[in-house]
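Engineer: One structure follows; several queries about it will come next.
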Amino acid sequence: LPTSPFRFGRMEKRQSRIKKNWTLGKFERSVSVSESYLFTSGSQINEKQGSPQIQIKPTRLQSDSHHRNNEWANHTELQDVDVVEVAVETAISTAKDNDYLKGFINKVFNLSYEESVSIWRKVQKKITEPDVRLSCTVVGAEVSAQKGADKKNWYCSVGILHTQHLKNPLVQKKNLSDWKKEGLISEVFTTSQQPDCRWDESLEISISKPADEYLVIEVWNQEKPNGEDPTGSKGSKKKQKESSYLGRMFYCLKPVSSDAVTKTLDLFSHSVKHKRGNIDLLLSIKGTDAEKGSLLGRLKEHRALVTKIVVHESKEDARRRGVEDNLPPWDGQMDPAAESLIKFHAQFRSLSDFHQTAVRFSVLFSYHKANTLQLSVLSSIVDSISKLPIDPNRSDSAERTLLLQLFNELQEFLTLILNVLNNHLVNFDIKSSSSVENLKEHLLLVKKLYSMEEFVNTLPSHLNSIAGVVESTIQNSVVGWYSMYSTSLSVVASNDLDENSEETLAALSGISKHVLNECRVIKDSVANIFMTLFNVDYTVNFFLALDSRFEQIGRIVKGLAATRTSNEEHLISTTYQLYVTFQELQELSRVAEKRFFGDQQLSLIHVWFKSYVVKWIDLAAMKCKKGITEAIKNDKQTMAVTEDVGYSSSLVDTMTLFHNMVVFWKNLKWPDPEEAYSCSSALTISITDAALHYVVEVYKKADQCFSTDGKFIATVQLCTILNNMQTIRDKLSPPELLSDEIGDTKPVGIIDELGLQEFFDWLEQEKGIGLKLKEFMNRTMQNTADDIDHKMHVVTRQLGQQFVPAIRKYMGDILQTCGGAPSEENLQPLELYLNDNLQVLSANILYRTFKLVLKGIWVATIGILSELGTTYLKRPSCWQGYRQTVFYLKEYFAAGGDGLVEADLETMEFKAFLSEVDLRSQSTNGLTLKCCSNLTAQQKLAMDAPTNQQQLGELSATIGYLEPSSFIEVKVLAAKDVWVERCERLCFKPYVELQLLPAVLFEDDPKQLQRTSIHKQQTHDPQFGETFQILAHSSLMQIEGTILTLVLYDYDVFGKDNFIGLCVVSCKSIPQFKDASELQKSPMKLNLPLFHIKNSNVLQELVTRHQRSDEIASQLYTTLIKKFKANLS
């Protein structure tokens, strides 16, 4: 069925308009009192006030037992409805399996075989031969100007056409008279002739099934005298061929009901291409079935059927249980056939989901008031109603009446539930889970009812707010709670004890704990339900009732502060426990709305206990120090705290004491930030002093765990000492997580556990000293942590050095036996020794500390390997095998990801040693090429340096390689900005020396070393202009590391020529030419800054090999290194 495109309350304007107009009073005035209720089972409307006045005595929604009374069904308006015929007609018209429903209908109505046959035949005949008539009033028509300008004798021909004939060609081409001849219609009716197309004539036409039939009307003009009808219908005297046809219309009778409806329909030509005008009709259907077709009749039928089925099914339920009295509430379960019959009838009578649900709720609620239903039955129907779109602005009067009755019955139902809730809360059993669930079930139903905004808008003012209704219900039941707690608190008032005695304090502690326990139960069971469902705080009235008693307790506590007793420590401890209890009560009361909390006595508890705070902190610090001293004294065997590592009993005791201090501070929750910070500072300093004291005492035991015979064996005792120190250190100042600890939880330090950040923020905002105090506190903690770190590093360094003698002995034996490439079998003794100790450490030490120890051992191992390699390995081949040994040990310390990470393994010591191994494992040829490559790199650095830093001068030349002759042609042009001290004394005589390196590769050239003539003119910019050709095979030109050097010297007549600087050109960068002319035209121009050779590991290694009589190294030494040795930078 079509539904309204808008839902009630979706738009603010629409909502305000509906709230203004849609009230029970105005709604009632638009509906007559006689039809304001479809059924008499609901509450009657009070005509004076215009809204239903519901008076219900307090009762329970679900009684334990009852006697089912079905007299309620006798008061319903069923006398106009033959229910059995309704059921049978539904079964015949909708069900495919009539036998399935036939047996159920006979059972419900207790029909004999003969009665059943008679009723089914009667209904079948009624269906096949219905008495239905169409009332059609032809009001008038409007014709187009060109068709009716000069016509005066207008009349209409009327007929009924079945749907099956619509596609017949005659229907489109011929008129009604032709249809009648062919048998397409049974009869044609004609109106009188009128000159102005206004007839106002009524016709009654018999029809069978309106849904399958069409009304057809043709408009004609008779040009002959009145009485001569060209259609040949009833009353025509003579058929006249000359006539004027205007047009006709078709209208399906399916939507026509017993209520008269005015229709204006268009008239078209035969081809339906041209509109010829329109005609006005008044249509309605008469007959018994038509009257039942109205919404009012259909709803009465449906209610009668549902009522009859409910009566039958409730009786069947009682029969199945075997008793009639003391029955539990009916669960509303019905036979599947019953549900099918109800569903089929709703479909048969075109009832919407809203119609069905409203009728079912009305019937079952009427049943519930006479008997008792389970709450879930009505709750499920209410849930269905809340999900349906409800439009209060319904145009149909029966729709509005049904909605009005539904809202009044829902209001009656709501009042019943609220009465039950009130009685339930007064006698509520806070320890019964079933009582809690029952309460929650009732409250959920209230919430469902208030979720229907349309319904809420019709409620009287005292019920239109769900929060107000629920709060009112709670306030009506708060008297019971008040009585219970006031009785407990009266113990203090009737007490004859001196208010300033420890006995009074103990009595107050017991009472406060009792109140707290009761409040916790209420908070966990009742308050959460009300807060979750309605945002209503149940605890507000609870604390208001106790407020006067709290005032009396405050006076007693203040008086006890001046009391002096023999057991001062016991008095301080007891007052602290009392303070903690009231702190929790205060937190519970803060859950209540703030407007109730501001002036309560519980907000003043810090005033009651202010004089006790200093005593509490002093007592806590004293107990902590005493406990740590006792823990160190009784420190015995190792005890497992986690699954992996162990700690001594003293650490467990110390951490427990620290935790107790933190708990003490958190429970204090002192509201004055300035006072709280000074107290927390004293508390924190006490903890740091105790922590450092503990570490110093533990550190003294570490020396007893180290070996003095040169072979160290790790022990669990040493691991425990390291664990104790690391844990205390992390508690004071938590370290950042390691790279392989990402994802783990960062340790929480003392400052974080104490929650001092809020005090720092307040002090910074109010006093401007928060950041300084925070820095001071962190520095104090960090200084203590640094002291502990220092002691731990001393222990871990000692631990790493304990491995050195054994590693040196194992590796020395291995290298003496097998040289630089020991196999895994040769390394097995060393590996076994490391395994025995590292397994003990890894299994019994904290991960972070184990990483420090392992890294120390690795660094010590690298130092030993470097030392032994220099001692035992002389040849590069030995160093190549030694490199494999180094990486084998690296993988061992990595332990497949369980040991050191790459960043820890790639230490500076390791990188330096690996560079040493790489150098010593290379061939001399490779080293010479690498040395030359280094010179090329130094030349590039000199070129990239700023001009003001190029202090030696610059050399310019042109160069190219002539490919056919395999010659490098170099033209040395000049030097620029050359400065030497001799030049100032007019003794500067420069020349340039050219040579290809490494010389061992260019031995074929007899002129491998060439030089320019000596320039004798005194100047900083000598000009040479000399060309040289140097033989070099093309294959050598492409080798990485082959270079051409241009060295500038100062000629000395009496001694060795002075080196000024050199330039380097990579052979690979020299352009190649195929003929000399091209080379002459475009050689590569060079402007190279002079530089001095920098010392490097490569040069040092080549010198070492020269000293060992390596020929290739000696040759490079002679040609390069020896010349510039004095000038190495």
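Lettering and numbering for the structure tokens are positional, with chains as A, B, ... in the shown order, residues counted from 1 in each chain, and ligands counted from 1 in the shown order.
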I want to know what sits within 7 Å of A:Lys152, based on only C-alpha atoms, with residues of the same chain fewer than 2 positions away left out; could you give that as a list in words?
Structural biologist: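 With the cut-off at 7 Å, the set is Asp150, Trp154, Gln194, Pro195 and Asp196 of chain A.
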Engineer: Mind listing the strand (DSSP E) residues of stretch 787-1001 of chain A, per DSSP on the backbone, as number ranges by chain?
Structural biologist: A: 954-962, 967-976, 990-997
Engineer: Determine which residues of stretch 859-1031 of chain A receive a DSSP assignment of helix (DSSP H, G or I), computed from the backbone, and state them as a ChimeraX atom specification.
Structural biologist: /A:859-872,876-897,902-905,908-921,924-944,947-949,981-984,999-1002
Engineer: For each of A:Ile529, A:Ile713, A:Leu351, A:Ile864, take the minimum atom-to-atom distance to A:Glu301, counting only C-alpha atoms, then give the residue where this is smallest.
Structural biologist: A:Leu351
Engineer: Please, which residues in stretch 984-1066 of chain A fall within 8 Å of stretch 945-968 of chain A when counting only C-alpha atoms, and what is the closest atom pair and distance in Å to one decimal for each, ordered by chain then residue number, as a Markdown table?
Structural biologist:
```
| residue | atom | partner | partner_atom | distance |
| --- | --- | --- | --- | --- |
| A:Phe1028 | CA | A:Ile968 | CA | 7.9 |
| A:Gln1029 | CA | A:Ile968 | CA | 5.4 |
| A:Ile1030 | CA | A:Ile968 | CA | 5.0 |
| A:Leu1031 | CA | A:Phe967 | CA | 4.6 |
| A:Ala1032 | CA | A:Ser966 | CA | 5.7 |
| A:His1033 | CA | A:Ser966 | CA | 5.5 |
| A:Ser1034 | CA | A:Ser966 | CA | 6.4 |
| A:Ile1060 | CA | A:Leu952 | CA | 7.3 |
| A:Gly1061 | CA | A:Leu952 | CA | 6.8 |
| A:Cys1063 | CA | A:Leu955 | CA | 7.5 |
```
Engineer: Store the residues picked out above in a file with N, CA, C and O atoms, as a compact mmCIF listing (two decimals), in the first residue's frame.
Structural biologist:
```
# COMPACT_ATOMS: atom_id res chain seq x y z
N PHE A 1028 103.72 16.29 -25.74
CA PHE A 1028 104.34 14.99 -25.50
C PHE A 1028 103.41 13.91 -26.01
O PHE A 1028 102.17 14.06 -25.99
N GLN A 1029 104.00 12.80 -26.43
CA GLN A 1029 103.24 11.62 -26.84
C GLN A 1029 103.69 10.44 -25.99
O GLN A 1029 104.88 10.12 -25.93
N ILE A 1030 102.69 9.80 -25.35
CA ILE A 1030 102.97 8.70 -24.43
C ILE A 1030 102.22 7.48 -24.93
O ILE A 1030 101.01 7.52 -25.17
N LEU A 1031 102.93 6.38 -25.07
CA LEU A 1031 102.34 5.15 -25.59
C LEU A 1031 101.45 4.51 -24.52
O LEU A 1031 101.87 4.34 -23.37
N ALA A 1032 100.23 4.14 -24.94
CA ALA A 1032 99.30 3.46 -24.02
C ALA A 1032 98.30 2.65 -24.84
O ALA A 1032 97.58 3.22 -25.66
N HIS A 1033 98.27 1.35 -24.65
CA HIS A 1033 97.35 0.50 -25.39
C HIS A 1033 95.91 0.84 -24.98
O HIS A 1033 95.63 1.16 -23.82
N SER A 1034 95.00 0.75 -25.96
CA SER A 1034 93.60 1.13 -25.71
C SER A 1034 92.95 0.28 -24.62
O SER A 1034 92.07 0.75 -23.89
N ILE A 1060 106.24 20.57 -5.75
CA ILE A 1060 105.28 21.66 -5.49
C ILE A 1060 103.85 21.12 -5.42
O ILE A 1060 103.11 21.42 -4.50
N GLY A 1061 103.47 20.30 -6.38
CA GLY A 1061 102.13 19.72 -6.39
C GLY A 1061 101.92 18.88 -7.63
O GLY A 1061 102.74 18.89 -8.55
N CYS A 1063 98.87 16.99 -10.47
CA CYS A 1063 97.51 16.86 -11.01
C CYS A 1063 97.36 15.45 -11.55
O CYS A 1063 98.33 14.82 -11.99
```
Engineer: Identify, on the basis of only C-alpha atoms, every residue whose closest approach to A:Val306 does not exceed 8 Å; exclude the query and any residue fewer than 5 positions from it along the same chain; express the result as a ChimeraX atom specification.
Structural biologist: /A:342,360,363
Engineer: With all heavy atoms kept, could you save the residues just selected as a CSV table (one decimal), in the first residue's frame?
Structural biologist:
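Written out: out_26.csv:
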```
chain,number,residue,atom,x,y,z
A,342,ILE,N,-4.8,-15.2,10.0
A,342,ILE,CA,-4.8,-13.8,10.3
A,342,ILE,C,-4.1,-13.0,9.2
A,342,ILE,O,-4.5,-12.0,8.7
A,342,ILE,CB,-4.2,-13.5,11.7
A,342,ILE,CG1,-5.0,-14.1,12.8
A,342,ILE,CG2,-3.9,-12.0,11.9
A,342,ILE,CD1,-4.4,-14.0,14.2
A,360,ARG,N,-4.0,-6.0,16.6
A,360,ARG,CA,-3.4,-7.1,17.4
A,360,ARG,C,-3.1,-6.6,18.8
A,360,ARG,O,-3.4,-7.2,19.8
A,360,ARG,CB,-2.2,-7.7,16.8
A,360,ARG,CG,-1.6,-8.8,17.7
A,360,ARG,CD,-0.5,-9.6,16.9
A,360,ARG,NE,-1.1,-10.4,15.9
A,360,ARG,CZ,-0.6,-11.6,15.6
A,360,ARG,NH1,0.4,-12.1,16.2
A,360,ARG,NH2,-1.2,-12.3,14.7
A,363,VAL,N,-6.4,-6.1,20.8
A,363,VAL,CA,-7.0,-7.4,21.2
A,363,VAL,C,-6.2,-8.0,22.4
A,363,VAL,O,-6.8,-8.4,23.4
A,363,VAL,CB,-7.1,-8.3,20.0
A,363,VAL,CG1,-7.5,-9.7,20.5
A,363,VAL,CG2,-8.1,-7.8,19.0
```
Engineer: Name the residues in contact with A:His606 at a cut-off of 12 Å, using only C-alpha atoms, excluding same-chain residues fewer than 5 positions from it; report them as a PDB file with N, CA, C and O atoms, in the first residue's frame.
Structural biologist:
```
ATOM      1  N   GLY A 554      32.156  14.654  59.879  1.00  0.00           N
ATOM      2  CA  GLY A 554      33.235  15.621  59.704  1.00  0.00           C
ATOM      3  C   GLY A 554      33.650  16.277  61.005  1.00  0.00           C
ATOM      4  O   GLY A 554      34.844  16.477  61.267  1.00  0.00           O
ATOM      5  N   VAL A 557      35.821  13.803  63.005  1.00  0.00           N
ATOM      6  CA  VAL A 557      37.171  13.630  62.464  1.00  0.00           C
ATOM      7  C   VAL A 557      38.057  14.811  62.820  1.00  0.00           C
ATOM      8  O   VAL A 557      39.233  14.655  63.193  1.00  0.00           O
ATOM      9  N   LYS A 558      37.551  16.038  62.714  1.00  0.00           N
ATOM     10  CA  LYS A 558      38.348  17.208  63.071  1.00  0.00           C
ATOM     11  C   LYS A 558      38.756  17.159  64.544  1.00  0.00           C
ATOM     12  O   LYS A 558      39.880  17.539  64.904  1.00  0.00           O
ATOM     13  N   TYR A 576      43.777   7.377  57.900  1.00  0.00           N
ATOM     14  CA  TYR A 576      44.021   7.286  56.465  1.00  0.00           C
ATOM     15  C   TYR A 576      43.029   6.331  55.801  1.00  0.00           C
ATOM     16  O   TYR A 576      42.493   6.619  54.720  1.00  0.00           O
ATOM     17  N   LEU A 578      40.034   5.667  56.823  1.00  0.00           N
ATOM     18  CA  LEU A 578      38.747   6.351  56.808  1.00  0.00           C
ATOM     19  C   LEU A 578      38.704   7.375  55.671  1.00  0.00           C
ATOM     20  O   LEU A 578      37.686   7.503  54.972  1.00  0.00           O
ATOM     21  N   TYR A 579      39.818   8.087  55.462  1.00  0.00           N
ATOM     22  CA  TYR A 579      39.883   9.068  54.383  1.00  0.00           C
ATOM     23  C   TYR A 579      39.711   8.396  53.022  1.00  0.00           C
ATOM     24  O   TYR A 579      38.980   8.912  52.158  1.00  0.00           O
ATOM     25  N   VAL A 580      40.354   7.254  52.816  1.00  0.00           N
ATOM     26  CA  VAL A 580      40.235   6.531  51.542  1.00  0.00           C
ATOM     27  C   VAL A 580      38.790   6.111  51.295  1.00  0.00           C
ATOM     28  O   VAL A 580      38.286   6.189  50.161  1.00  0.00           O
ATOM     29  N   PHE A 582      36.043   7.593  52.399  1.00  0.00           N
ATOM     30  CA  PHE A 582      35.249   8.761  52.018  1.00  0.00           C
ATOM     31  C   PHE A 582      35.650   9.288  50.643  1.00  0.00           C
ATOM     32  O   PHE A 582      34.830   9.891  49.940  1.00  0.00           O
ATOM     33  N   GLN A 583      36.896   9.081  50.257  1.00  0.00           N
ATOM     34  CA  GLN A 583      37.309   9.453  48.903  1.00  0.00           C
ATOM     35  C   GLN A 583      36.501   8.680  47.864  1.00  0.00           C
ATOM     36  O   GLN A 583      36.031   9.244  46.870  1.00  0.00           O
ATOM     37  N   GLN A 586      33.055   9.928  47.741  1.00  0.00           N
ATOM     38  CA  GLN A 586      33.022  11.199  47.021  1.00  0.00           C
ATOM     39  C   GLN A 586      33.046  10.975  45.510  1.00  0.00           C
ATOM     40  O   GLN A 586      32.326  11.638  44.762  1.00  0.00           O
ATOM     41  N   GLN A 601      28.395  17.895  51.849  1.00  0.00           N
ATOM     42  CA  GLN A 601      29.458  17.757  52.836  1.00  0.00           C
ATOM     43  C   GLN A 601      30.618  16.909  52.297  1.00  0.00           C
ATOM     44  O   GLN A 601      31.763  17.103  52.692  1.00  0.00           O
ATOM     45  N   SER A 611      44.908  18.246  58.517  1.00  0.00           N
ATOM     46  CA  SER A 611      45.984  18.172  59.512  1.00  0.00           C
ATOM     47  C   SER A 611      46.637  16.797  59.576  1.00  0.00           C
ATOM     48  O   SER A 611      47.663  16.635  60.243  1.00  0.00           O
ATOM     49  N   TYR A 612      46.084  15.818  58.881  1.00  0.00           N
ATOM     50  CA  TYR A 612      46.650  14.468  58.930  1.00  0.00           C
ATOM     51  C   TYR A 612      47.651  14.206  57.799  1.00  0.00           C
ATOM     52  O   TYR A 612      48.413  13.245  57.868  1.00  0.00           O
ATOM     53  N   VAL A 613      47.678  15.011  56.733  1.00  0.00           N
ATOM     54  CA  VAL A 613      48.411  14.671  55.516  1.00  0.00           C
ATOM     55  C   VAL A 613      49.899  14.518  55.775  1.00  0.00           C
ATOM     56  O   VAL A 613      50.533  13.546  55.348  1.00  0.00           O
ATOM     57  N   LEU A 668      45.350   9.270  47.973  1.00  0.00           N
ATOM     58  CA  LEU A 668      45.257  10.547  48.675  1.00  0.00           C
ATOM     59  C   LEU A 668      44.452  11.559  47.846  1.00  0.00           C
ATOM     60  O   LEU A 668      43.552  12.220  48.369  1.00  0.00           O
ATOM     61  N   LYS A 669      44.774  11.719  46.577  1.00  0.00           N
ATOM     62  CA  LYS A 669      44.040  12.609  45.665  1.00  0.00           C
ATOM     63  C   LYS A 669      43.786  13.975  46.293  1.00  0.00           C
ATOM     64  O   LYS A 669      42.661  14.480  46.323  1.00  0.00           O
ATOM     65  N   TRP A 670      44.853  14.565  46.774  1.00  0.00           N
ATOM     66  CA  TRP A 670      44.686  15.826  47.493  1.00  0.00           C
ATOM     67  C   TRP A 670      44.303  16.929  46.513  1.00  0.00           C
ATOM     68  O   TRP A 670      44.961  17.131  45.497  1.00  0.00           O
ATOM     69  N   PRO A 671      43.227  17.695  46.791  1.00  0.00           N
ATOM     70  CA  PRO A 671      42.709  18.647  45.792  1.00  0.00           C
ATOM     71  C   PRO A 671      43.529  19.922  45.638  1.00  0.00           C
ATOM     72  O   PRO A 671      43.468  20.565  44.608  1.00  0.00           O
ATOM     73  N   ASP A 672      44.309  20.334  46.682  1.00  0.00           N
ATOM     74  CA  ASP A 672      45.099  21.567  46.582  1.00  0.00           C
ATOM     75  C   ASP A 672      46.400  21.247  45.844  1.00  0.00           C
ATOM     76  O   ASP A 672      47.268  20.551  46.374  1.00  0.00           O
ATOM     77  N   GLU A 675      49.869  22.269  47.741  1.00  0.00           N
ATOM     78  CA  GLU A 675      50.138  21.390  48.879  1.00  0.00           C
ATOM     79  C   GLU A 675      50.463  19.980  48.411  1.00  0.00           C
ATOM     80  O   GLU A 675      51.364  19.323  48.950  1.00  0.00           O
ATOM     81  N   ALA A 676      49.745  19.525  47.394  1.00  0.00           N
ATOM     82  CA  ALA A 676      49.966  18.167  46.898  1.00  0.00           C
ATOM     83  C   ALA A 676      51.355  18.022  46.287  1.00  0.00           C
ATOM     84  O   ALA A 676      52.017  16.989  46.446  1.00  0.00           O
TER      85      ALA A 676
END
```
Engineer: Rounded to one decimal place, report the atom CA of A:Leu414-atom CA of A:His368 distance in Å.
Structural biologist: 13.7 Å
Engineer: Could you check which of A:Glu213, A:Glu584, A:Glu85, A:Asp787 is closest to A:Ser512, using only C-alpha atoms?
Structural biologist: A:Glu584
Engineer: Between A:Thr539, A:Asn278, A:Thr715, A:Gln411, which has the minimum distance to A:Leu838 (counting only C-alpha atoms)?
Structural biologist: A:Thr715
Engineer: Which of these, A:Asn826, A:Ser1035, A:Ser915, A:Ser350, has the shortest distance to A:Arg298 once you count only C-alpha atoms?
Structural biologist: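 Between A:Asn826, A:Ser1035, A:Ser915, A:Ser350, the residue approaching A:Arg298 most closely is A:Ser350.
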Engineer: Ranking A:Thr720, A:Gln839, A:Ser376, A:Thr574 by minimum distance to A:Asp898 and counting only C-alpha atoms, which one comes first?
Structural biologist: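 For A:Asp898, the nearest of the given residues is A:Gln839.
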Engineer: For A:Ser135, find every residue with an atom within 9 Å (counting only C-alpha atoms), except residues of its own chain fewer than 5 positions away, and show them as a VMD selection string.
Structural biologist: chain A and resid 202 to 205 260 282 to 286
